[in-house]
file model18.pdb (PDB, C-alpha atoms and all ligand atoms)
ATOM      1  CA  MET A   1       0.000   0.000   0.000  1.00  0.00           C
ATOM      2  CA  GLN A   2       2.788   2.448   0.888  1.00  0.00           C
ATOM      3  CA  ASP A   3       4.299   2.264  -2.602  1.00  0.00           C
ATOM      4  CA  ASP A   4       1.034   3.568  -4.078  1.00  0.00           C
ATOM      5  CA  SER A   5       0.759   6.428  -1.625  1.00  0.00           C
ATOM      6  CA  ILE A   6       0.783   9.959  -3.010  1.00  0.00           C
ATOM      7  CA  PHE A   7       3.221  10.904  -0.277  1.00  0.00           C
ATOM      8  CA  LYS A   8       5.620   8.058  -1.150  1.00  0.00           C
ATOM      9  CA  LYS A   9       5.575   9.314  -4.739  1.00  0.00           C
ATOM     10  CA  ILE A  10       6.439  12.819  -3.517  1.00  0.00           C
ATOM     11  CA  ILE A  11       9.455  11.470  -1.581  1.00  0.00           C
ATOM     12  CA  THR A  12      10.693   9.531  -4.602  1.00  0.00           C
ATOM     13  CA  LYS A  13       9.879  12.522  -6.852  1.00  0.00           C
ATOM     14  CA  LYS A  14       7.525  10.485  -9.040  1.00  0.00           C
ATOM     15  CA  ILE A  15       4.958  13.250  -8.622  1.00  0.00           C
ATOM     16  CA  PRO A  16       5.886  16.914  -8.271  1.00  0.00           C
ATOM     17  CA  ALA A  17       5.734  18.828  -5.012  1.00  0.00           C
ATOM     18  CA  HIS A  18       7.445  21.899  -3.648  1.00  0.00           C
ATOM     19  CA  ILE A  19       9.919  20.226  -1.291  1.00  0.00           C
ATOM     20  CA  VAL A  20      11.270  22.685   1.291  1.00  0.00           C
ATOM     21  CA  TYR A  21      13.478  20.254   3.225  1.00  0.00           C
ATOM     22  CA  GLN A  22      14.666  16.654   2.932  1.00  0.00           C
ATOM     23  CA  ASP A  23      17.140  14.531   4.849  1.00  0.00           C
ATOM     24  CA  GLU A  24      17.664  10.801   5.360  1.00  0.00           C
ATOM     25  CA  LYS A  25      14.693  10.552   7.733  1.00  0.00           C
ATOM     26  CA  VAL A  26      12.015  13.047   6.640  1.00  0.00           C
ATOM     27  CA  THR A  27      10.690  15.092   3.734  1.00  0.00           C
ATOM     28  CA  ALA A  28       8.853  18.423   4.091  1.00  0.00           C
ATOM     29  CA  PHE A  29       6.803  19.966   1.287  1.00  0.00           C
ATOM     30  CA  LYS A  30       4.104  22.575   0.691  1.00  0.00           C
ATOM     31  CA  ASP A  31       0.513  21.413   1.100  1.00  0.00           C
ATOM     32  CA  ILE A  32      -1.312  21.420  -2.241  1.00  0.00           C
ATOM     33  CA  LYS A  33      -4.354  23.175  -0.686  1.00  0.00           C
ATOM     34  CA  PRO A  34      -2.803  25.517   1.888  1.00  0.00           C
ATOM     35  CA  LYS A  35      -5.014  26.561   4.811  1.00  0.00           C
ATOM     36  CA  ALA A  36      -2.589  29.333   5.821  1.00  0.00           C
ATOM     37  CA  PRO A  37       0.178  31.406   4.172  1.00  0.00           C
ATOM     38  CA  VAL A  38       2.631  28.798   5.448  1.00  0.00           C
ATOM     39  CA  HIS A  39       1.305  25.225   5.272  1.00  0.00           C
ATOM     40  CA  ILE A  40       4.001  22.578   5.161  1.00  0.00           C
ATOM     41  CA  LEU A  41       3.642  18.812   5.568  1.00  0.00           C
ATOM     42  CA  ILE A  42       6.444  16.862   7.248  1.00  0.00           C
ATOM     43  CA  ILE A  43       6.501  13.115   6.652  1.00  0.00           C
ATOM     44  CA  PRO A  44       8.838  10.221   7.473  1.00  0.00           C
ATOM     45  CA  ASN A  45      10.701   8.795   4.478  1.00  0.00           C
ATOM     46  CA  VAL A  46       9.871   5.295   5.692  1.00  0.00           C
ATOM     47  CA  PHE A  47       6.150   4.496   5.546  1.00  0.00           C
ATOM     48  CA  ILE A  48       4.206   4.792   8.803  1.00  0.00           C
ATOM     49  CA  ALA A  49       0.432   4.782   8.319  1.00  0.00           C
ATOM     50  CA  SER A  50      -0.611   6.871  11.323  1.00  0.00           C
ATOM     51  CA  LEU A  51       0.199   7.738  14.934  1.00  0.00           C
ATOM     52  CA  ASN A  52      -1.317   4.337  15.787  1.00  0.00           C
ATOM     53  CA  ASP A  53       1.752   2.748  14.196  1.00  0.00           C
ATOM     54  CA  ILE A  54       4.301   4.516  16.384  1.00  0.00           C
ATOM     55  CA  ASN A  55       6.136   1.977  18.536  1.00  0.00           C
ATOM     56  CA  LYS A  56       9.264   1.682  20.684  1.00  0.00           C
ATOM     57  CA  LYS A  57      11.424   1.096  17.627  1.00  0.00           C
ATOM     58  CA  ASN A  58      10.305   4.024  15.455  1.00  0.00           C
ATOM     59  CA  LYS A  59       9.202   6.613  18.068  1.00  0.00           C
ATOM     60  CA  SER A  60      12.293   8.811  17.575  1.00  0.00           C
ATOM     61  CA  ILE A  61      10.930   9.866  14.187  1.00  0.00           C
ATOM     62  CA  LEU A  62       8.354  12.022  15.991  1.00  0.00           C
ATOM     63  CA  SER A  63      10.965  14.138  17.759  1.00  0.00           C
ATOM     64  CA  HIS A  64      12.824  14.584  14.474  1.00  0.00           C
ATOM     65  CA  MET A  65       9.606  15.644  12.708  1.00  0.00           C
ATOM     66  CA  PHE A  66       8.972  18.190  15.479  1.00  0.00           C
ATOM     67  CA  TYR A  67      12.552  19.458  15.253  1.00  0.00           C
ATOM     68  CA  VAL A  68      12.339  19.867  11.465  1.00  0.00           C
ATOM     69  CA  ALA A  69       8.966  21.644  11.765  1.00  0.00           C
ATOM     70  CA  THR A  70      10.333  24.139  14.308  1.00  0.00           C
ATOM     71  CA  ASP A  71      13.403  24.735  12.154  1.00  0.00           C
ATOM     72  CA  ILE A  72      11.260  25.396   9.071  1.00  0.00           C
ATOM     73  CA  ALA A  73       9.102  27.771  11.154  1.00  0.00           C
ATOM     74  CA  LYS A  74      12.232  29.744  12.016  1.00  0.00           C
ATOM     75  CA  ARG A  75      13.420  29.777   8.407  1.00  0.00           C
ATOM     76  CA  LYS A  76       9.973  30.908   7.199  1.00  0.00           C
ATOM     77  CA  LYS A  77      10.079  33.620   9.885  1.00  0.00           C
ATOM     78  CA  ILE A  78       6.787  32.626  11.504  1.00  0.00           C
ATOM     79  CA  SER A  79       8.199  31.425  14.819  1.00  0.00           C
ATOM     80  CA  GLN A  80       8.003  34.715  16.727  1.00  0.00           C
ATOM     81  CA  GLU A  81       4.366  35.383  15.727  1.00  0.00           C
ATOM     82  CA  GLY A  82       3.571  31.730  16.348  1.00  0.00           C
ATOM     83  CA  TYR A  83       2.308  28.728  14.483  1.00  0.00           C
ATOM     84  CA  ARG A  84       0.414  25.459  14.903  1.00  0.00           C
ATOM     85  CA  ILE A  85       1.499  21.844  14.465  1.00  0.00           C
ATOM     86  CA  ILE A  86      -1.203  19.244  13.839  1.00  0.00           C
ATOM     87  CA  ILE A  87      -1.162  15.491  13.330  1.00  0.00           C
ATOM     88  CA  ASN A  88      -4.552  14.041  12.424  1.00  0.00           C
ATOM     89  CA  CYS A  89      -5.131  10.375  13.251  1.00  0.00           C
ATOM     90  CA  ASN A  90      -7.626   8.196  11.388  1.00  0.00           C
ATOM     91  CA  LYS A  91     -11.281   8.930  10.657  1.00  0.00           C
ATOM     92  CA  ASN A  92     -12.338  10.857  13.735  1.00  0.00           C
ATOM     93  CA  GLY A  93      -9.106  12.842  13.732  1.00  0.00           C
ATOM     94  CA  GLY A  94      -9.637  13.901  10.124  1.00  0.00           C
ATOM     95  CA  GLN A  95      -6.723  11.991   8.574  1.00  0.00           C
ATOM     96  CA  GLU A  96      -7.378  11.789   4.831  1.00  0.00           C
ATOM     97  CA  ILE A  97      -4.029  10.444   3.638  1.00  0.00           C
ATOM     98  CA  ASN A  98      -2.959   7.047   4.958  1.00  0.00           C
ATOM     99  CA  TYR A  99       0.643   8.108   5.624  1.00  0.00           C
ATOM    100  CA  LEU A 100       1.763   9.753   8.869  1.00  0.00           C
ATOM    101  CA  HIS A 101       2.146  13.503   8.320  1.00  0.00           C
ATOM    102  CA  MET A 102       2.566  16.600  10.449  1.00  0.00           C
ATOM    103  CA  HIS A 103       1.019  19.917   9.393  1.00  0.00           C
ATOM    104  CA  LEU A 104       2.965  23.123  10.093  1.00  0.00           C
ATOM    105  CA  LEU A 105       0.600  26.101   9.767  1.00  0.00           C
ATOM    106  CA  GLY A 106       1.336  29.781  10.242  1.00  0.00           C
ATOM    107  CA  GLY A 107       1.700  33.216   8.755  1.00  0.00           C
ATOM    108  CA  LYS A 108      -1.712  34.377   9.987  1.00  0.00           C
ATOM    109  CA  LYS A 109      -3.822  34.239  13.167  1.00  0.00           C
ATOM    110  CA  LEU A 110      -5.293  30.748  13.118  1.00  0.00           C
ATOM    111  CA  GLY A 111      -8.848  30.085  14.265  1.00  0.00           C
ATOM    112  CA  SER A 112      -9.587  28.200  17.450  1.00  0.00           C
ATOM    113  CA  PHE A 113     -10.666  24.561  17.253  1.00  0.00           C
ATOM    114  CA  PHE A 114     -12.376  24.600  20.625  1.00  0.00           C
TER     115      PHE A 114
HETATM  116  P1  LIG A 201      -4.963  15.153   6.451  1.00  0.00           P
HETATM  117  O1  LIG A 201      -6.373  15.632   6.341  1.00  0.00           O
HETATM  118  O2  LIG A 201      -4.809  13.723   5.995  1.00  0.00           O
HETATM  119  O3  LIG A 201      -4.356  15.407   7.794  1.00  0.00           O
HETATM  120  O4  LIG A 201      -4.130  16.063   5.461  1.00  0.00           O
HETATM  121  C1  LIG A 201      -3.750  15.675   4.175  1.00  0.00           C
HETATM  122  C2  LIG A 201      -3.190  16.902   3.501  1.00  0.00           C
HETATM  123  O5  LIG A 201      -2.520  16.487   2.333  1.00  0.00           O
HETATM  124  C3  LIG A 201      -4.261  17.910   3.065  1.00  0.00           C
HETATM  125  O6  LIG A 201      -4.006  19.167   3.697  1.00  0.00           O
HETATM  126  C4  LIG A 201      -4.110  17.970   1.548  1.00  0.00           C
HETATM  127  O7  LIG A 201      -4.300  19.262   1.017  1.00  0.00           O
HETATM  128  C5  LIG A 201      -2.700  17.460   1.340  1.00  0.00           C
HETATM  129  N1  LIG A 201      -2.498  16.786   0.074  1.00  0.00           N
HETATM  130  C6  LIG A 201      -3.271  15.810  -0.470  1.00  0.00           C
HETATM  131  N2  LIG A 201      -2.787  15.404  -1.651  1.00  0.00           N
HETATM  132  C7  LIG A 201      -1.655  16.134  -1.866  1.00  0.00           C
HETATM  133  C8  LIG A 201      -0.699  16.164  -2.938  1.00  0.00           C
HETATM  134  O8  LIG A 201      -0.781  15.427  -3.928  1.00  0.00           O
HETATM  135  N3  LIG A 201       0.329  17.036  -2.812  1.00  0.00           N
HETATM  136  C9  LIG A 201       0.463  17.864  -1.718  1.00  0.00           C
HETATM  137  N4  LIG A 201       1.514  18.674  -1.702  1.00  0.00           N
HETATM  138  N5  LIG A 201      -0.414  17.844  -0.697  1.00  0.00           N
HETATM  139  C10 LIG A 201      -1.470  17.005  -0.774  1.00  0.00           C
END

call {"tool": "encode", "arguments": {"input": "model18.pdb", "output": "structure tokens"}}
result
Amino acid sequence: MQDDSIFKKIITKKIPAHIVYQDEKVTAFKDIKPKAPVHILIIPNVFIASLNDINKKNKSILSHMFYVATDIAKRKKISQEGYRIIINCNKNGGQEINYLHMHLLGGKKLGSFF
């Protein structure tokens, strides 16, 4: 299933995306339908379906994703004004793409969820 994923194809550059950062563990690229002036998705290079698939062996990927997101926020100059990081999980969480991804949103005052 992971080989068919849109996000896997973005990592392997089989479909185009505006990649803003890539290293041996993660890839970060602009969301195709941005909900804010800055809307970047950060994904692991190795397929993980959702937060439900985080385990003792792969859990360090989450801290790296957070680190990369905060670094991008600084580079995009949204860190002082502030930003939001979201990971949706499965149906009730609003996860549409079956590939773990973190949203980095900023560049405007974001609405409250609650
Ligand atoms: P989710 O709702 O699963 O948390 O978020 C999936 C996100 O992926 C959405 O914000 C959507 O706009 C984005 N997305 C879906 N397909 C593509 C694509 O082909 N390219 C890019 N760059 N983003 C996509």

call {"tool": "residues_near_ligand", "arguments": {"input": "model18.pdb", "ligand": "ligand LIG 201 (chain A)", "cutoff": "6 Å", "atoms": "all atoms listed in the file", "output": "VMD selection string"}}
result
chain A and resid 6 17 30 to 33 88 94 to 97

call {"tool": "resolve_selection", "arguments": {"input": "model18.pdb", "expression": "the PyMOL selection byres (((chain A and resi 51) around 10) and not hetatm)", "output": "MDAnalysis selection string"}}
result
chainID A and resid 48:50 52:55 59 62 87:90 99:101

call {"tool": "residues_around", "arguments": {"input": "model18.pdb", "residues": "segment 73-86 of chain A", "least_positions_apart": "5", "cutoff": "6 Å", "atoms": "only C-alpha atoms", "output": "MDAnalysis selection string"}}
result
chainID A and resid 102:107

call {"tool": "axis_aligned_box", "arguments": {"input": "model18.pdb", "around": "segment 7-23 of chain A", "padding_each_side": "6 Å", "output": "lines of an AutoDock Vina configuration file"}}
result
center_x = 10.2
center_y = 15.4
center_z = -2.1
size_x = 25.9
size_y = 26.6
size_z = 25.9

call {"tool": "resolve_selection", "arguments": {"input": "model18.pdb", "expression": "the PyMOL selection byres (((chain A and resi 29) around 10) and not hetatm)", "output": "ChimeraX atom specification"}}
result
/A:7,10-11,17-22,27-28,30-32,39-43,103

call {"tool": "closest_residue", "arguments": {"input": "model18.pdb", "among": "A:Pro37, A:Lys9, A:Phe113, A:Val46", "to": "Lys25 of chain A", "atoms": "all atoms listed in the file"}}
result
A:Val46

call {"tool": "atom_distance", "arguments": {"input": "model18.pdb", "atom1": "atom CA of Leu110 of chain A", "atom2": "atom CA of Asp71 of chain A"}}
result
19.7 Å
